[in-house]
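A.B. asks: One file is attached below, structure_14.cif, containing mmCIF, N, CA and C atoms.
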```
data_work
loop_
_atom_site.group_PDB
_atom_site.id
_atom_site.type_symbol
_atom_site.label_atom_id
_atom_site.label_comp_id
_atom_site.auth_asym_id
_atom_site.auth_seq_id
_atom_site.Cartn_x
_atom_site.Cartn_y
_atom_site.Cartn_z
ATOM 1 N N MET D 178 134.488 -17.536 42.060
ATOM 2 C CA MET D 178 134.944 -17.569 43.431
ATOM 3 C C MET D 178 135.152 -18.997 43.913
ATOM 4 N N LYS D 179 134.304 -19.907 43.450
ATOM 5 C CA LYS D 179 134.435 -21.315 43.828
ATOM 6 C C LYS D 179 135.765 -21.883 43.337
ATOM 7 N N ASN D 180 136.160 -21.483 42.111
ATOM 8 C CA ASN D 180 137.432 -21.958 41.560
ATOM 9 C C ASN D 180 138.619 -21.450 42.362
ATOM 10 N N ILE D 181 138.537 -20.210 42.819
ATOM 11 C CA ILE D 181 139.634 -19.641 43.603
ATOM 12 C C ILE D 181 139.762 -20.386 44.930
ATOM 13 N N ARG D 182 138.643 -20.638 45.579
ATOM 14 C CA ARG D 182 138.683 -21.387 46.847
ATOM 15 C C ARG D 182 139.230 -22.792 46.629
ATOM 16 N N GLY D 183 138.789 -23.422 45.530
ATOM 17 C CA GLY D 183 139.291 -24.758 45.215
ATOM 18 C C GLY D 183 140.788 -24.758 44.974
ATOM 19 N N TYR D 184 141.274 -23.748 44.243
ATOM 20 C CA TYR D 184 142.708 -23.644 43.982
ATOM 21 C C TYR D 184 143.474 -23.415 45.286
ATOM 22 N N LEU D 185 142.994 -22.507 46.117
ATOM 23 C CA LEU D 185 143.685 -22.241 47.386
ATOM 24 C C LEU D 185 143.734 -23.496 48.253
ATOM 25 N N ALA D 186 142.658 -24.251 48.269
ATOM 26 C CA ALA D 186 142.659 -25.508 49.027
ATOM 27 C C ALA D 186 143.636 -26.507 48.419
ATOM 28 N N SER D 187 143.765 -26.487 47.095
ATOM 29 C CA SER D 187 144.661 -27.438 46.431
ATOM 30 C C SER D 187 146.134 -27.164 46.732
ATOM 31 N N LEU D 188 146.454 -25.962 47.179
ATOM 32 C CA LEU D 188 147.848 -25.650 47.544
ATOM 33 C C LEU D 188 148.339 -26.530 48.693
ATOM 34 N N PHE D 189 147.395 -27.088 49.452
ATOM 35 C CA PHE D 189 147.739 -27.927 50.599
ATOM 36 C C PHE D 189 147.267 -29.369 50.415
ATOM 37 N N ASP D 190 146.904 -29.711 49.184
ATOM 38 C CA ASP D 190 146.432 -31.059 48.860
ATOM 39 C C ASP D 190 147.636 -31.992 48.758
ATOM 40 N N ARG D 191 147.605 -33.058 49.529
ATOM 41 C CA ARG D 191 148.746 -33.995 49.549
ATOM 42 C C ARG D 191 149.049 -34.580 48.177
ATOM 43 N N ASP D 192 148.029 -34.697 47.336
ATOM 44 C CA ASP D 192 148.247 -35.234 45.988
ATOM 45 C C ASP D 192 149.080 -34.296 45.131
ATOM 46 N N PHE D 193 149.064 -33.003 45.422
ATOM 47 C CA PHE D 193 149.750 -32.002 44.601
ATOM 48 C C PHE D 193 151.077 -31.535 45.194
ATOM 49 N N ILE D 194 151.246 -31.662 46.486
ATOM 50 C CA ILE D 194 152.395 -31.054 47.158
ATOM 51 C C ILE D 194 153.729 -31.595 46.657
ATOM 52 N N SER D 195 153.874 -32.922 46.527
ATOM 53 C CA SER D 195 155.194 -33.462 46.163
ATOM 54 C C SER D 195 155.623 -33.007 44.760
ATOM 55 N N THR D 196 154.700 -33.026 43.809
ATOM 56 C CA THR D 196 155.049 -32.562 42.463
ATOM 57 C C THR D 196 155.342 -31.071 42.482
ATOM 58 N N GLY D 197 154.545 -30.325 43.218
ATOM 59 C CA GLY D 197 154.773 -28.885 43.323
ATOM 60 C C GLY D 197 156.125 -28.556 43.927
ATOM 61 N N LEU D 198 156.504 -29.286 44.975
ATOM 62 C CA LEU D 198 157.799 -29.034 45.617
ATOM 63 C C LEU D 198 158.968 -29.411 44.714
ATOM 64 N N ARG D 199 158.834 -30.539 44.020
ATOM 65 C CA ARG D 199 159.912 -30.926 43.084
ATOM 66 C C ARG D 199 160.060 -29.894 41.973
ATOM 67 N N THR D 200 158.942 -29.456 41.427
ATOM 68 C CA THR D 200 158.976 -28.433 40.380
ATOM 69 C C THR D 200 159.602 -27.157 40.907
ATOM 70 N N SER D 201 159.205 -26.757 42.101
ATOM 71 C CA SER D 201 159.738 -25.546 42.709
ATOM 72 C C SER D 201 161.248 -25.650 42.922
ATOM 73 N N LEU D 202 161.699 -26.804 43.363
ATOM 74 C CA LEU D 202 163.129 -26.992 43.609
ATOM 75 C C LEU D 202 163.932 -26.894 42.321
ATOM 76 N N VAL D 203 163.484 -27.578 41.279
ATOM 77 C CA VAL D 203 164.228 -27.591 40.017
ATOM 78 C C VAL D 203 164.152 -26.239 39.316
ATOM 79 N N VAL D 204 162.932 -25.775 39.065
ATOM 80 C CA VAL D 204 162.749 -24.518 38.321
ATOM 81 C C VAL D 204 163.263 -23.338 39.150
ATOM 82 N N GLY D 205 162.947 -23.319 40.437
ATOM 83 C CA GLY D 205 163.412 -22.235 41.291
ATOM 84 C C GLY D 205 164.925 -22.153 41.359
ATOM 85 N N SER D 206 165.589 -23.309 41.421
ATOM 86 C CA SER D 206 167.052 -23.309 41.474
ATOM 87 C C SER D 206 167.662 -22.787 40.180
ATOM 88 N N LEU D 207 167.096 -23.203 39.061
ATOM 89 C CA LEU D 207 167.584 -22.684 37.778
ATOM 90 C C LEU D 207 167.399 -21.170 37.695
ATOM 91 N N LEU D 208 166.228 -20.694 38.085
ATOM 92 C CA LEU D 208 165.977 -19.252 38.064
ATOM 93 C C LEU D 208 166.862 -18.513 39.065
ATOM 94 N N PHE D 209 167.114 -19.131 40.213
ATOM 95 C CA PHE D 209 168.000 -18.504 41.198
ATOM 96 C C PHE D 209 169.390 -18.293 40.618
ATOM 97 N N VAL D 210 169.915 -19.318 39.978
ATOM 98 C CA VAL D 210 171.260 -19.206 39.397
ATOM 99 C C VAL D 210 171.278 -18.133 38.307
ATOM 100 N N ILE D 211 170.253 -18.142 37.459
ATOM 101 C CA ILE D 211 170.196 -17.161 36.373
ATOM 102 C C ILE D 211 170.076 -15.741 36.917
ATOM 103 N N ASN D 212 169.180 -15.537 37.867
ATOM 104 C CA ASN D 212 168.867 -14.183 38.323
ATOM 105 C C ASN D 212 169.739 -13.664 39.463
ATOM 106 N N HIS D 213 170.271 -14.553 40.280
ATOM 107 C CA HIS D 213 170.973 -14.100 41.480
ATOM 108 C C HIS D 213 172.355 -14.734 41.669
ATOM 109 N N GLY D 214 172.750 -15.627 40.780
ATOM 110 C CA GLY D 214 174.008 -16.344 40.951
ATOM 111 C C GLY D 214 175.214 -15.439 41.092
ATOM 112 N N LEU D 215 175.360 -14.475 40.195
ATOM 113 C CA LEU D 215 176.514 -13.572 40.270
ATOM 114 C C LEU D 215 176.487 -12.722 41.532
ATOM 115 N N ALA D 216 175.319 -12.244 41.900
ATOM 116 C CA ALA D 216 175.202 -11.436 43.117
ATOM 117 C C ALA D 216 175.603 -12.261 44.342
ATOM 118 N N LEU D 217 175.229 -13.536 44.360
ATOM 119 C CA LEU D 217 175.606 -14.394 45.475
ATOM 120 C C LEU D 217 177.124 -14.581 45.514
ATOM 121 N N LEU D 218 177.709 -14.860 44.365
ATOM 122 C CA LEU D 218 179.161 -15.049 44.304
ATOM 123 C C LEU D 218 179.932 -13.784 44.675
ATOM 124 N N ARG D 219 179.375 -12.639 44.343
ATOM 125 C CA ARG D 219 180.042 -11.357 44.643
ATOM 126 C C ARG D 219 179.729 -10.844 46.047
ATOM 127 N N GLY D 220 178.860 -11.539 46.772
ATOM 128 C CA GLY D 220 178.493 -11.090 48.110
ATOM 129 C C GLY D 220 177.588 -9.870 48.094
ATOM 130 N N GLU D 221 176.778 -9.737 47.052
ATOM 131 C CA GLU D 221 175.918 -8.567 46.883
ATOM 132 C C GLU D 221 174.438 -8.870 47.157
ATOM 133 N N MET D 222 174.174 -9.880 47.958
ATOM 134 C CA MET D 222 172.785 -10.252 48.243
ATOM 135 C C MET D 222 172.214 -9.339 49.330
ATOM 136 N N SER D 223 171.274 -8.509 48.940
ATOM 137 C CA SER D 223 170.601 -7.605 49.869
ATOM 138 C C SER D 223 169.318 -8.267 50.372
ATOM 139 N N GLN D 224 168.668 -7.613 51.308
ATOM 140 C CA GLN D 224 167.404 -8.126 51.823
ATOM 141 C C GLN D 224 166.372 -8.218 50.701
ATOM 142 N N GLU D 225 166.349 -7.232 49.824
ATOM 143 C CA GLU D 225 165.413 -7.240 48.701
ATOM 144 C C GLU D 225 165.669 -8.427 47.784
ATOM 145 N N ARG D 226 166.922 -8.739 47.546
ATOM 146 C CA ARG D 226 167.262 -9.890 46.698
ATOM 147 C C ARG D 226 166.801 -11.196 47.335
ATOM 148 N N TRP D 227 166.961 -11.328 48.652
ATOM 149 C CA TRP D 227 166.536 -12.563 49.321
ATOM 150 C C TRP D 227 165.015 -12.720 49.274
ATOM 151 N N ILE D 228 164.299 -11.607 49.344
ATOM 152 C CA ILE D 228 162.842 -11.674 49.173
ATOM 153 C C ILE D 228 162.518 -12.157 47.767
ATOM 154 N N SER D 229 163.250 -11.661 46.798
ATOM 155 C CA SER D 229 163.070 -12.104 45.416
ATOM 156 C C SER D 229 163.398 -13.588 45.258
ATOM 157 N N VAL D 230 164.397 -14.066 45.974
ATOM 158 C CA VAL D 230 164.757 -15.487 45.938
ATOM 159 C C VAL D 230 163.592 -16.334 46.451
ATOM 160 N N ILE D 231 162.974 -15.895 47.526
ATOM 161 C CA ILE D 231 161.828 -16.631 48.064
ATOM 162 C C ILE D 231 160.733 -16.731 47.004
ATOM 163 N N LEU D 232 160.448 -15.627 46.350
ATOM 164 C CA LEU D 232 159.429 -15.628 45.292
ATOM 165 C C LEU D 232 159.852 -16.488 44.109
ATOM 166 N N THR D 233 161.151 -16.572 43.865
ATOM 167 C CA THR D 233 161.677 -17.407 42.786
ATOM 168 C C THR D 233 161.331 -18.875 43.013
ATOM 169 N N TYR D 234 161.231 -19.290 44.248
ATOM 170 C CA TYR D 234 160.858 -20.669 44.564
ATOM 171 C C TYR D 234 159.343 -20.832 44.760
ATOM 172 N N VAL D 235 158.676 -19.813 45.256
ATOM 173 C CA VAL D 235 157.233 -19.911 45.506
ATOM 174 C C VAL D 235 156.442 -19.949 44.193
ATOM 175 N N MET D 236 156.802 -19.128 43.234
ATOM 176 C CA MET D 236 156.022 -19.040 41.995
ATOM 177 C C MET D 236 155.949 -20.362 41.232
ATOM 178 N N PRO D 237 157.047 -21.094 41.042
ATOM 179 C CA PRO D 237 156.909 -22.389 40.362
ATOM 180 C C PRO D 237 155.997 -23.360 41.112
ATOM 181 N N TYR D 238 156.000 -23.309 42.437
ATOM 182 C CA TYR D 238 155.088 -24.148 43.220
ATOM 183 C C TYR D 238 153.644 -23.780 42.914
ATOM 184 N N LEU D 239 153.343 -22.488 42.940
ATOM 185 C CA LEU D 239 151.978 -22.031 42.675
ATOM 186 C C LEU D 239 151.519 -22.415 41.271
ATOM 187 N N VAL D 240 152.398 -22.268 40.305
ATOM 188 C CA VAL D 240 152.046 -22.603 38.922
ATOM 189 C C VAL D 240 151.861 -24.112 38.758
ATOM 190 N N SER D 241 152.726 -24.886 39.366
ATOM 191 C CA SER D 241 152.607 -26.340 39.272
ATOM 192 C C SER D 241 151.299 -26.828 39.875
ATOM 193 N N VAL D 242 150.977 -26.342 41.054
ATOM 194 C CA VAL D 242 149.734 -26.759 41.699
ATOM 195 C C VAL D 242 148.537 -26.288 40.874
ATOM 196 N N TYR D 243 148.609 -25.095 40.313
ATOM 197 C CA TYR D 243 147.508 -24.619 39.475
ATOM 198 C C TYR D 243 147.308 -25.540 38.275
ATOM 199 N N GLY D 244 148.382 -25.962 37.643
ATOM 200 C CA GLY D 244 148.271 -26.880 36.514
ATOM 201 C C GLY D 244 147.646 -28.202 36.911
ATOM 202 N N GLN D 245 148.079 -28.729 38.037
ATOM 203 C CA GLN D 245 147.514 -29.986 38.525
ATOM 204 C C GLN D 245 146.033 -29.830 38.878
ATOM 205 N N TYR D 246 145.696 -28.726 39.520
ATOM 206 C CA TYR D 246 144.311 -28.453 39.902
ATOM 207 C C TYR D 246 143.433 -28.308 38.654
ATOM 208 N N SER D 247 143.914 -27.575 37.663
ATOM 209 C CA SER D 247 143.150 -27.379 36.424
ATOM 210 C C SER D 247 142.915 -28.703 35.719
ATOM 211 N N TYR D 248 143.948 -29.512 35.643
ATOM 212 C CA TYR D 248 143.821 -30.812 34.987
ATOM 213 C C TYR D 248 142.793 -31.685 35.715
ATOM 214 N N ARG D 249 142.899 -31.744 37.023
ATOM 215 C CA ARG D 249 141.952 -32.552 37.797
ATOM 216 C C ARG D 249 140.519 -32.038 37.602
ATOM 217 N N SER D 250 140.341 -30.731 37.560
ATOM 218 C CA SER D 250 139.011 -30.158 37.370
ATOM 219 C C SER D 250 138.432 -30.555 36.017
ATOM 220 N N LYS D 251 139.261 -30.520 34.980
ATOM 221 C CA LYS D 251 138.792 -30.906 33.646
ATOM 222 C C LYS D 251 138.445 -32.383 33.586
ATOM 223 N N VAL D 252 139.268 -33.222 34.185
ATOM 224 C CA VAL D 252 138.995 -34.661 34.206
ATOM 225 C C VAL D 252 137.711 -34.933 34.975
ATOM 226 N N ASP D 253 137.520 -34.261 36.095
ATOM 227 C CA ASP D 253 136.295 -34.438 36.884
ATOM 228 C C ASP D 253 135.064 -34.013 36.102
ATOM 229 N N MET D 254 135.176 -32.930 35.338
ATOM 230 C CA MET D 254 134.049 -32.456 34.535
ATOM 231 C C MET D 254 133.705 -33.466 33.450
ATOM 232 N N LYS D 255 134.726 -34.041 32.794
ATOM 233 C CA LYS D 255 134.488 -35.041 31.754
ATOM 234 C C LYS D 255 133.812 -36.272 32.329
ATOM 235 N N SER D 256 134.257 -36.716 33.498
ATOM 236 C CA SER D 256 133.679 -37.907 34.104
ATOM 237 C C SER D 256 132.234 -37.673 34.545
ATOM 238 N N MET D 257 131.896 -36.447 34.888
ATOM 239 C CA MET D 257 130.539 -36.123 35.280
ATOM 240 C C MET D 257 129.601 -36.123 34.077
ATOM 241 N N LYS D 258 130.142 -35.751 32.902
ATOM 242 C CA LYS D 258 129.331 -35.718 31.675
ATOM 243 C C LYS D 258 129.067 -37.101 31.128
ATOM 244 N N SER D 259 129.955 -38.032 31.420
ATOM 245 C CA SER D 259 129.817 -39.401 30.860
ATOM 246 C C SER D 259 128.768 -40.219 31.538
#
```
Mind turning this structure into structure tokens?
C.D. replies:
Amino acid sequence: MKNIRGYLASLFDRDFISTGLRTSLVVGSLLFVINHGLALLRGEMSQERWISVILTYVMPYLVSVYGQYSYRSKVDMKSMKS
């Protein structure tokens, strides 16, 4: 439970936000084009698709911050052992 709280707090950590947003922009845009590009060009974007687009950008942010949080936790643990 402590790890979950730490991760949730890290979603708003200034040290992680810029990398998370850049990752979300790049990866999310690539996934958007792959998954929704034709639908956008054809004018077939429904409300459900737009919700999916939001998740397409949110998930890379969550994964990026999780990676940064995990790395920091491991480094902190190593420094505590030394």
A.B. asks: Choose the residue, out of D:Arg249, D:Gly214, D:Tyr238, D:Tyr243, that has the smallest atom-to-atom separation from Arg199 (chain D); count only C-alpha atoms.
C.D. replies: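 Of all the options, D:Tyr238 lies closest to Arg199 (chain D).
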A.B. asks: Select all residues near (150.9, -33.9, 39.4) (cut-off 6 Å, inclusive, file coordinates), counting all atoms listed in the file, and output them as an NGL selection string.
C.D. replies: :D and (193 or 196 or 245)
A.B. asks: Mind pulling up the distance from CA of Leu202 (chain D) to CA of Val240 (chain D)?
C.D. replies: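 Result for CA of Val240 (chain D) versus CA of Leu202 (chain D): 12.8 Å, one decimal.
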A.B. asks: Please determine, counting all atoms listed in the file, which residue among D:Ser229, D:Gln224, D:Ser241, D:Asn180 has the shortest atom-to-atom distance to Thr200 (chain D).
C.D. replies: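 Checking each candidate against Thr200 (chain D), we get D:Ser241 as the closest.
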A.B. asks: Taking all listed atoms of region 223-237 of chain D, build the axis-aligned box, pad each of the six sides by 6 Å, then write its centre and edge lengths in Å to one decimal as lines of an AutoDock Vina configuration file.
C.D. replies:
```
center_x = 163.6
center_y = -15.3
center_z = 46.1
size_x = 27.3
size_y = 28.1
size_z = 23.5
```
A.B. asks: Neighbours of Gly205 (chain D) within 8 Å (all atoms listed in the file; same-chain residues fewer than 3 positions away dropped), as a PyMOL selection string?
C.D. replies: chain D and resi 199-202+208-211+230+232-238
A.B. asks: If I take atom C of Val242 (chain D) and CA of Ser187 (chain D), how far is one from the other in Å, to one decimal?
C.D. replies: 6.9 Å
A.B. asks: With distances taken over all atoms listed in the file, which residue among D:Asn212, D:Tyr246, D:Ile228, D:Arg219 lies nearest Tyr184 (chain D)?
C.D. replies: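 Nearest candidate to Tyr184 (chain D) out of D:Asn212, D:Tyr246, D:Ile228, D:Arg219: D:Tyr246.
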A.B. asks: By how many Å are atom N of Gly244 (chain D) and atom C of Trp227 (chain D) apart?
C.D. replies: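 So the two atoms, atom N of Gly244 (chain D) and atom C of Trp227 (chain D), lie 24.2 Å apart.
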A.B. asks: When you count only C-alpha atoms, which of these residues is closest to Val204 (chain D): D:Val252, D:Leu239, D:Met257, D:Met178?
C.D. replies: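 Of D:Val252, D:Leu239, D:Met257, D:Met178, the one nearest Val204 (chain D), counting only C-alpha atoms, is D:Leu239.
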A.B. asks: Which of these residues is nearest to His213 (chain D), using only N, CA and C atoms: D:Lys258, D:Ile181, D:Arg226, D:Asp190?
C.D. replies: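 Looking at the shortest contact to His213 (chain D), the residue is D:Arg226.
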